[in-house]
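Enquirer: Have a peek at work_22.tsv (TSV, C-alpha atoms).
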```
chain	number	residue	atom	x	y	z
A	1	MET	CA	-6.37	22.89	-79.77
A	2	LYS	CA	-6.19	19.82	-82.01
A	3	ILE	CA	-9.01	17.28	-81.61
A	4	ALA	CA	-9.23	14.08	-83.64
A	5	SER	CA	-11.74	11.27	-84.08
A	6	TRP	CA	-10.94	7.76	-85.30
A	7	ASN	CA	-12.90	4.54	-85.54
A	8	VAL	CA	-10.00	2.17	-84.89
A	9	ASN	CA	-11.95	-1.07	-85.54
A	10	SER	CA	-10.44	-2.88	-82.51
A	11	ILE	CA	-8.02	-1.09	-80.21
A	12	ARG	CA	-6.20	-4.35	-79.48
A	13	ALA	CA	-5.52	-4.86	-83.19
A	14	ARG	CA	-4.55	-1.20	-83.80
A	15	ILE	CA	-2.57	-0.20	-80.71
A	16	GLU	CA	0.62	0.26	-82.70
A	17	HIS	CA	-1.26	2.17	-85.40
A	18	VAL	CA	-2.65	4.55	-82.77
A	19	LYS	CA	0.71	4.98	-81.04
A	20	ARG	CA	2.41	5.86	-84.33
A	21	TRP	CA	-0.33	8.32	-85.19
A	22	LEU	CA	-0.19	10.01	-81.78
A	23	ASP	CA	3.56	10.39	-82.15
A	24	ARG	CA	3.19	11.90	-85.62
A	25	GLN	CA	0.17	14.17	-85.04
A	26	SER	CA	0.33	14.84	-81.27
A	27	PRO	CA	-3.36	15.80	-80.84
A	28	ASP	CA	-4.57	17.34	-77.63
A	29	ILE	CA	-7.62	15.05	-77.67
A	30	LEU	CA	-8.38	11.83	-79.52
A	31	LEU	CA	-11.83	10.25	-79.66
A	32	MET	CA	-11.85	6.56	-80.58
A	33	GLN	CA	-14.74	4.30	-81.53
A	34	GLU	CA	-15.35	0.58	-82.06
A	35	LEU	CA	-12.89	-0.57	-79.42
A	36	LYS	CA	-14.21	-4.14	-79.51
A	37	GLY	CA	-13.12	-5.26	-76.06
A	38	GLU	CA	-13.99	-5.10	-72.37
A	39	VAL	CA	-10.59	-3.76	-71.24
A	40	PHE	CA	-9.21	-0.45	-72.47
A	41	PRO	CA	-5.36	-0.28	-72.36
A	42	THR	CA	-4.99	2.89	-70.30
A	43	GLU	CA	-1.46	1.86	-69.34
A	44	ILE	CA	-0.36	2.10	-72.99
A	45	PHE	CA	-1.29	5.75	-73.31
A	46	GLU	CA	-0.26	7.13	-69.92
A	47	PRO	CA	3.50	7.06	-70.77
A	48	LEU	CA	2.65	8.96	-73.95
A	49	GLY	CA	1.17	11.78	-71.86
A	50	TYR	CA	-2.53	10.99	-72.25
A	51	ASN	CA	-5.27	10.66	-69.66
A	52	SER	CA	-8.10	8.39	-70.76
A	53	VAL	CA	-11.68	7.39	-70.06
A	54	ALA	CA	-13.61	4.67	-71.84
A	55	VAL	CA	-16.87	2.78	-71.90
A	56	THR	CA	-16.39	-0.74	-73.21
A	57	GLN	CA	-18.34	-3.80	-74.28
A	58	LYS	CA	-17.25	-7.36	-74.99
A	59	THR	CA	-16.54	-7.93	-78.71
A	60	TYR	CA	-18.60	-4.97	-79.95
A	61	ASN	CA	-18.79	-1.18	-79.84
A	62	GLY	CA	-16.85	0.79	-77.21
A	63	VAL	CA	-15.70	4.43	-77.17
A	64	ALA	CA	-12.75	6.17	-75.50
A	65	VAL	CA	-11.33	9.65	-75.03
A	66	LEU	CA	-7.64	10.45	-74.71
A	67	SER	CA	-6.58	13.90	-73.52
A	68	ARG	CA	-3.33	15.63	-72.59
A	69	THR	CA	-5.27	17.60	-69.96
A	70	PRO	CA	-7.54	16.27	-67.19
A	71	ILE	CA	-10.85	14.69	-68.20
A	72	GLU	CA	-14.06	15.14	-66.22
A	73	LEU	CA	-16.37	12.23	-67.02
A	74	THR	CA	-20.00	13.37	-67.26
A	75	SER	CA	-21.89	10.40	-68.68
A	76	THR	CA	-21.36	7.01	-70.31
A	77	THR	CA	-24.92	6.54	-71.54
A	78	LEU	CA	-27.23	8.41	-73.87
A	79	PRO	CA	-30.42	9.10	-71.88
A	80	GLY	CA	-33.81	7.99	-73.09
A	81	ASP	CA	-33.64	4.18	-73.06
A	82	GLU	CA	-32.69	2.44	-69.84
A	83	ALA	CA	-32.61	-0.92	-71.64
A	84	ASP	CA	-29.89	0.20	-74.05
A	85	SER	CA	-26.65	-1.44	-72.90
A	86	HIS	CA	-24.54	-0.65	-75.97
A	87	ALA	CA	-21.25	1.19	-75.33
A	88	ARG	CA	-21.74	4.00	-77.81
A	89	PHE	CA	-21.70	7.29	-75.88
A	90	LEU	CA	-19.20	9.18	-73.77
A	91	GLU	CA	-19.74	12.75	-72.52
A	92	THR	CA	-16.82	14.59	-70.94
A	93	ARG	CA	-15.63	18.05	-69.96
A	94	ILE	CA	-12.13	19.01	-71.04
A	95	ALA	CA	-10.55	22.46	-70.84
A	96	GLY	CA	-13.90	24.20	-70.52
A	97	LEU	CA	-15.48	22.33	-73.43
A	98	ARG	CA	-18.12	19.64	-73.52
A	99	ILE	CA	-16.53	16.88	-75.61
A	100	VAL	CA	-18.90	14.08	-76.64
A	101	ASN	CA	-17.76	10.89	-78.36
A	102	ILE	CA	-20.39	8.83	-80.20
A	103	TYR	CA	-20.52	5.61	-82.16
A	104	LEU	CA	-23.91	5.84	-83.78
A	105	PRO	CA	-25.61	2.53	-84.69
A	106	ASN	CA	-25.07	1.22	-88.20
A	107	GLY	CA	-28.69	0.19	-88.70
A	108	ASN	CA	-28.32	-2.46	-91.37
A	109	PRO	CA	-30.28	-4.16	-92.71
A	110	VAL	CA	-32.96	-1.57	-93.43
A	111	GLY	CA	-36.42	-2.55	-92.26
A	112	THR	CA	-35.21	-4.51	-89.24
A	113	GLU	CA	-35.02	-3.79	-85.51
A	114	LYS	CA	-31.45	-2.61	-86.07
A	115	PHE	CA	-32.65	0.20	-88.33
A	116	ALA	CA	-35.39	1.15	-85.87
A	117	TYR	CA	-32.78	1.24	-83.10
A	118	LYS	CA	-30.60	3.55	-85.20
A	119	LEU	CA	-33.44	6.03	-85.73
A	120	ALA	CA	-34.49	5.91	-82.08
A	121	TRP	CA	-30.87	6.51	-81.01
A	122	MET	CA	-30.70	9.54	-83.30
A	123	ASP	CA	-33.95	10.88	-81.84
A	124	ARG	CA	-32.53	10.51	-78.33
A	125	LEU	CA	-29.40	12.36	-79.42
A	126	PHE	CA	-31.54	15.19	-80.84
A	127	VAL	CA	-32.99	15.73	-77.37
A	128	ARG	CA	-29.51	15.99	-75.88
A	129	LEU	CA	-28.31	18.33	-78.64
A	130	HIS	CA	-31.24	20.63	-77.93
A	131	ARG	CA	-30.58	20.63	-74.18
A	132	TRP	CA	-26.87	21.27	-74.61
A	133	LEU	CA	-27.65	24.43	-76.54
A	134	ALA	CA	-29.62	25.75	-73.57
A	135	ASP	CA	-26.80	25.58	-71.00
A	136	GLY	CA	-24.31	27.61	-73.02
A	137	VAL	CA	-21.36	25.24	-72.61
A	138	PRO	CA	-19.29	25.16	-75.84
A	139	THR	CA	-19.95	21.68	-77.22
A	140	LEU	CA	-18.32	19.37	-79.73
A	141	ILE	CA	-19.77	16.00	-80.75
A	142	GLY	CA	-17.33	13.82	-82.67
A	143	GLY	CA	-17.26	10.24	-83.78
A	144	ASP	CA	-18.52	7.67	-86.23
A	145	TYR	CA	-22.02	8.86	-87.10
A	146	ASN	CA	-22.75	6.09	-89.62
A	147	VAL	CA	-24.59	8.69	-91.73
A	148	ILE	CA	-23.70	9.81	-95.25
A	149	PRO	CA	-25.11	13.36	-95.07
A	150	GLU	CA	-25.21	14.23	-98.77
A	151	ASP	CA	-24.63	12.60	-102.15
A	152	ILE	CA	-21.19	14.21	-102.41
A	153	ASP	CA	-20.19	12.34	-99.26
A	154	CYS	CA	-19.92	9.05	-101.13
A	155	HIS	CA	-18.12	7.96	-104.27
A	156	LYS	CA	-21.20	6.53	-105.99
A	157	PRO	CA	-24.65	7.13	-104.48
A	158	ALA	CA	-26.16	4.26	-106.47
A	159	SER	CA	-23.93	1.85	-104.57
A	160	TRP	CA	-25.40	2.96	-101.21
A	161	ILE	CA	-29.04	3.48	-102.10
A	162	ARG	CA	-30.19	0.43	-100.08
A	163	ASP	CA	-27.78	0.94	-97.17
A	164	ALA	CA	-28.97	2.22	-93.79
A	165	LEU	CA	-26.28	4.93	-93.81
A	166	PHE	CA	-27.82	6.53	-96.91
A	167	GLN	CA	-31.53	6.27	-96.15
A	168	PRO	CA	-33.64	9.46	-96.09
A	169	GLU	CA	-34.64	9.01	-92.43
A	170	PRO	CA	-31.15	9.23	-90.87
A	171	ARG	CA	-30.07	11.88	-93.36
A	172	GLU	CA	-33.09	14.00	-92.41
A	173	ARG	CA	-32.25	13.62	-88.74
A	174	TYR	CA	-28.69	14.75	-89.42
A	175	ARG	CA	-30.03	17.85	-91.20
A	176	ASN	CA	-32.31	18.50	-88.23
A	177	TRP	CA	-29.25	18.64	-85.99
A	178	LEU	CA	-27.71	21.23	-88.28
A	179	ALA	CA	-30.98	23.15	-88.24
A	180	LEU	CA	-30.65	23.45	-84.46
A	181	GLY	CA	-27.53	25.50	-85.09
A	182	TYR	CA	-24.74	22.92	-85.02
A	183	THR	CA	-22.02	23.12	-87.66
A	184	ASP	CA	-20.57	20.20	-89.62
A	185	ALA	CA	-16.99	21.35	-89.14
A	186	PHE	CA	-15.48	19.64	-92.17
A	187	ARG	CA	-18.20	20.58	-94.63
A	188	SER	CA	-18.27	24.18	-93.40
A	189	LEU	CA	-14.66	24.57	-94.55
A	190	HIS	CA	-14.92	22.39	-97.67
A	191	PRO	CA	-18.30	23.22	-99.23
A	192	GLY	CA	-19.03	21.24	-102.36
A	193	GLU	CA	-15.70	19.42	-102.27
A	194	THR	CA	-16.00	15.84	-103.51
A	195	GLY	CA	-13.83	12.78	-102.95
A	196	GLN	CA	-13.34	13.49	-99.24
A	197	PHE	CA	-13.99	10.30	-97.31
A	198	THR	CA	-13.24	8.77	-93.90
A	199	TYR	CA	-14.16	5.13	-94.61
A	200	TRP	CA	-13.29	2.68	-97.37
A	201	ASP	CA	-14.36	-0.95	-97.58
A	202	TYR	CA	-11.56	-3.53	-97.37
A	203	PHE	CA	-12.77	-5.19	-100.57
A	204	ARG	CA	-12.40	-4.47	-104.29
A	205	ALA	CA	-9.47	-2.09	-103.76
A	206	ALA	CA	-11.90	0.56	-102.52
A	207	PHE	CA	-9.21	2.70	-100.93
A	208	ASP	CA	-6.89	2.52	-103.94
A	209	HIS	CA	-9.72	3.83	-106.13
A	210	ASN	CA	-11.05	6.24	-103.48
A	211	ARG	CA	-14.45	4.56	-103.42
A	212	GLY	CA	-15.34	5.72	-99.95
A	213	ILE	CA	-17.85	7.53	-97.79
A	214	ARG	CA	-17.68	10.38	-95.27
A	215	ILE	CA	-19.34	9.15	-92.08
A	216	ASP	CA	-16.99	10.42	-89.34
A	217	HIS	CA	-17.98	13.92	-88.35
A	218	PHE	CA	-17.55	16.77	-85.90
A	219	LEU	CA	-20.64	18.76	-85.00
A	220	VAL	CA	-19.86	22.02	-83.22
A	221	SER	CA	-22.25	24.20	-81.21
A	222	PRO	CA	-22.88	27.83	-82.22
A	223	SER	CA	-20.81	29.15	-79.31
A	224	LEU	CA	-17.82	27.08	-80.41
A	225	SER	CA	-18.06	27.33	-84.21
A	226	PRO	CA	-16.26	30.72	-84.43
A	227	ARG	CA	-13.18	28.92	-83.08
A	228	ILE	CA	-12.98	26.45	-85.99
A	229	ARG	CA	-9.67	27.03	-87.75
A	230	ALA	CA	-9.19	23.91	-89.86
A	231	CYS	CA	-10.59	20.43	-90.35
A	232	HIS	CA	-9.01	17.75	-92.48
A	233	ILE	CA	-9.04	14.00	-93.10
A	234	ASP	CA	-5.71	12.24	-92.55
A	235	ARG	CA	-5.54	9.39	-95.05
A	236	ILE	CA	-2.07	8.16	-94.05
A	237	PRO	CA	-3.19	5.59	-91.43
A	238	ARG	CA	-5.39	3.92	-94.05
A	239	THR	CA	-2.28	3.26	-96.17
A	240	GLU	CA	-0.56	1.23	-93.45
A	241	ASP	CA	-0.45	-2.53	-93.13
A	242	LYS	CA	-3.63	-4.05	-91.64
A	243	PRO	CA	-5.32	-0.66	-91.07
A	244	SER	CA	-8.71	0.22	-89.72
A	245	ASP	CA	-11.27	0.70	-92.47
A	246	HIS	CA	-11.68	4.26	-91.14
A	247	THR	CA	-9.07	7.01	-91.01
A	248	PRO	CA	-8.81	9.95	-88.58
A	249	ILE	CA	-10.57	13.26	-89.02
A	250	VAL	CA	-8.78	16.18	-87.33
A	251	LEU	CA	-10.26	19.48	-86.11
A	252	ASP	CA	-8.19	22.52	-85.14
A	253	LEU	CA	-9.75	25.09	-82.81
A	254	ASP	CA	-8.40	28.50	-81.82
```
Please go through the file and, once you have read it, give me the structure as structure tokens.
Expert:
Amino acid sequence: MKIASWNVNSIRARIEHVKRWLDRQSPDILLMQELKGEVFPTEIFEPLGYNSVAVTQKTYNGVAVLSRTPIELTSTTLPGDEADSHARFLETRIAGLRIVNIYLPNGNPVGTEKFAYKLAWMDRLFVRLHRWLADGVPTLIGGDYNVIPEDIDCHKPASWIRDALFQPEPRERYRNWLALGYTDAFRSLHPGETGQFTYWDYFRAAFDHNRGIRIDHFLVSPSLSPRIRACHIDRIPRTEDKPSDHTPIVLDLD
């Protein structure tokens, strides 16, 4: 089973990019983040053989799941804050797996309500991660985590020292998720490997010089981790004309 995650930075602007990538890679499941629109173009993907579910929001956020097999929608909100109206969470069941798509808050600037919201969102996710372990359903959480887990996950740590993605509080929370027993699929197969990024700024030729960060991740539950076969970052979409600033990360499961 091939599962991919991609922050498309506006589905309306990247429909052709996504269609080309689906044709080339033919994943079983694609998780997309940052849709940036109230209407998700289901009709575009049905002829390509994909079912879809989405939670959307005008102008901002938004997450969607495409699947070649039927999708059972479980939840469109992360529990713990009834006032949170951001479209950042999508929990589904596909082929016996719990597949969760997240677009974790950015949190910048540090020291503001946005950073506090990021940390609170991560704490709410910790509660769900703990509960998912208890029910025994093989679980995968993919998406844009907006967390740089370790120094090797960015080109130059000094450039990110004041950024919310690199602060000790979110990084500690990420490590706490791993301590529960979840596996960072990419890092488990590429320990210590540098220069592996999923995001590059549009400015200062960041992609050309590989000045990026790894913030798109797959976390896999203990019951599912033995099925991890491969995980790689596909840089090709980032080379195209008018690309997303992110590129897909692809997980292969037995």
Enquirer: Could you give me, as a Markdown table, every range 56-163 of chain A residue with an atom at most 10 Å from range 237-251 of chain A, plus its closest atom pair and distance in Å to one decimal, counting all atoms listed in the file, rows ordered by chain then number?
Expert:
```
| residue | atom | partner | partner_atom | distance |
| --- | --- | --- | --- | --- |
| A:Gly142 | CA | A:Ile249 | CA | 9.3 |
| A:Gly143 | CA | A:Ile249 | CA | 9.0 |
| A:Asp144 | CA | A:His246 | CA | 9.1 |
```
Enquirer: Take CA of Val18 in chain A and CA of Leu66 in chain A and report the distance between them in Å, one decimal.
Expert: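 Interatomic distance here is 11.2 Å.
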Enquirer: Please, what distance in Å, to one decimal, runs between CA of Arg20 in chain A and CA of Ala230 in chain A?
Expert: 22.2 Å
Enquirer: Any chance you could tabulate, as JSON lines, the residues of range 118-138 of chain A at most 10 Å from range 77-95 of chain A with each one's nearest atom pair and distance in Å to one decimal, using all atoms listed in the file, in chain and rising number order?
Expert:
```
{"residue": "A:Ala120", "atom": "CA", "partner": "A:Asp81", "partner_atom": "CA", "distance": 9.2}
{"residue": "A:Trp121", "atom": "CA", "partner": "A:Leu78", "partner_atom": "CA", "distance": 8.2}
{"residue": "A:Asp123", "atom": "CA", "partner": "A:Gly80", "partner_atom": "CA", "distance": 9.2}
{"residue": "A:Arg124", "atom": "CA", "partner": "A:Gly80", "partner_atom": "CA", "distance": 6.0}
{"residue": "A:Leu125", "atom": "CA", "partner": "A:Leu78", "partner_atom": "CA", "distance": 7.1}
{"residue": "A:Val127", "atom": "CA", "partner": "A:Gly80", "partner_atom": "CA", "distance": 8.9}
{"residue": "A:Arg128", "atom": "CA", "partner": "A:Pro79", "partner_atom": "CA", "distance": 8.0}
{"residue": "A:Val137", "atom": "CA", "partner": "A:Arg93", "partner_atom": "CA", "distance": 9.6}
{"residue": "A:Pro138", "atom": "CA", "partner": "A:Arg93", "partner_atom": "CA", "distance": 9.9}
```
Enquirer: At what distance in Å, to one decimal, does CA of Val65 in chain A lie from CA of Met32 in chain A?
Expert: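 Computing the Euclidean distance for CA of Met32 in chain A and CA of Val65 in chain A yields 6.4 Å.
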Enquirer: From the set A:Trp132, A:Phe45, A:Phe218, A:Tyr145, which residue has the shortest atom-to-atom contact distance to Tyr199 in chain A, counting all atoms listed in the file?
Expert: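 With all atoms listed in the file as the atom set, the closest residue is A:Tyr145.
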Enquirer: List as a list in words the protein and nucleic acid residues near Leu178 in chain A, meaning an atom at most 12 Å away when all atoms listed in the file are counted, but skip any in the same chain fewer than 3 places from it.
Expert: Phe126, Leu129, His130, Pro149, Arg171, Glu172, Arg173, Tyr174, Arg175, Gly181, Tyr182, Thr183, Asp184, Ala185, Arg187, Ser188, Phe218, Leu219, Val220, Ser221 and Pro222 of chain A
Enquirer: Restricting the output to C-alpha atoms, write the selected residues as a PDB file, in the frame of the given file.
Expert:
```
ATOM      1  CA  PHE A 126     -31.540  15.190 -80.840  1.00  0.00           C
ATOM      2  CA  LEU A 129     -28.310  18.330 -78.640  1.00  0.00           C
ATOM      3  CA  HIS A 130     -31.240  20.630 -77.930  1.00  0.00           C
ATOM      4  CA  PRO A 149     -25.110  13.360 -95.070  1.00  0.00           C
ATOM      5  CA  ARG A 171     -30.070  11.880 -93.360  1.00  0.00           C
ATOM      6  CA  GLU A 172     -33.090  14.000 -92.410  1.00  0.00           C
ATOM      7  CA  ARG A 173     -32.250  13.620 -88.740  1.00  0.00           C
ATOM      8  CA  TYR A 174     -28.690  14.750 -89.420  1.00  0.00           C
ATOM      9  CA  ARG A 175     -30.030  17.850 -91.200  1.00  0.00           C
ATOM     10  CA  GLY A 181     -27.530  25.500 -85.090  1.00  0.00           C
ATOM     11  CA  TYR A 182     -24.740  22.920 -85.020  1.00  0.00           C
ATOM     12  CA  THR A 183     -22.020  23.120 -87.660  1.00  0.00           C
ATOM     13  CA  ASP A 184     -20.570  20.200 -89.620  1.00  0.00           C
ATOM     14  CA  ALA A 185     -16.990  21.350 -89.140  1.00  0.00           C
ATOM     15  CA  ARG A 187     -18.200  20.580 -94.630  1.00  0.00           C
ATOM     16  CA  SER A 188     -18.270  24.180 -93.400  1.00  0.00           C
ATOM     17  CA  PHE A 218     -17.550  16.770 -85.900  1.00  0.00           C
ATOM     18  CA  LEU A 219     -20.640  18.760 -85.000  1.00  0.00           C
ATOM     19  CA  VAL A 220     -19.860  22.020 -83.220  1.00  0.00           C
ATOM     20  CA  SER A 221     -22.250  24.200 -81.210  1.00  0.00           C
ATOM     21  CA  PRO A 222     -22.880  27.830 -82.220  1.00  0.00           C
TER      22      PRO A 222
END
```
Enquirer: Of the residues A:Asp216, A:His190, A:Asn101, A:Thr42, which is the one nearest to Cys231 in chain A, using all atoms listed in the file?
Expert: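 Smallest separation from Cys231 in chain A among the options: A:His190.
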Enquirer: At a cut-off of 12 Å, using only C-alpha atoms, what residues contact range 192-196 of chain A? Leave out same-chain residues fewer than 5 positions from it and give the result as a list in words.
Expert: Ile148, Glu150, Asp151, Ile152, Asp153, Cys154, His155, Lys156, Phe186, Arg187, Phe207, His209, Asn210, Arg211, Gly212, Ile213, Arg214, Ile215, Asp216, His217, Cys231, His232, Ile233, Asp234, Arg235, Thr247 and Ile249 of chain A
Enquirer: A:Ile71, A:Gly136, A:Met1, A:Glu169: which is nearest Leu119 in chain A, counting all atoms listed in the file?
Expert: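 Residue with the minimum atom-to-atom distance to Leu119 in chain A: A:Glu169.
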Enquirer: Could you give me the axis-aligned bounding box of range 217-236 of chain A, with 3 Å of padding per side, as centre plus edge lengths in Å to one decimal, as JSON?
Expert:
```
{"center_x": -12.5, "center_y": 19.4, "center_z": -87.2, "size_x": 26.8, "size_y": 28.6, "size_z": 21.7}
```
Enquirer: Using all atoms listed in the file, pick whichever of A:Leu48, A:Thr69, A:Asn106, A:Trp200 has the shortest atom-to-atom distance to Asp23 in chain A.
Expert: A:Leu48
Enquirer: Given the choices A:Pro157, A:Pro109, A:Pro168, A:Pro27, which gets closest to Trp6 in chain A if the distance is worked out from only C-alpha atoms?
Expert: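 Nearest candidate to Trp6 in chain A out of A:Pro157, A:Pro109, A:Pro168, A:Pro27: A:Pro27.
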Enquirer: Using only C-alpha atoms for the distances, tell me which of A:Phe203, A:Phe40, A:Tyr60, A:Phe166 is nearest to Gly107 in chain A.
Expert: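 Answer, going by the shortest atom-to-atom distance: A:Phe166.
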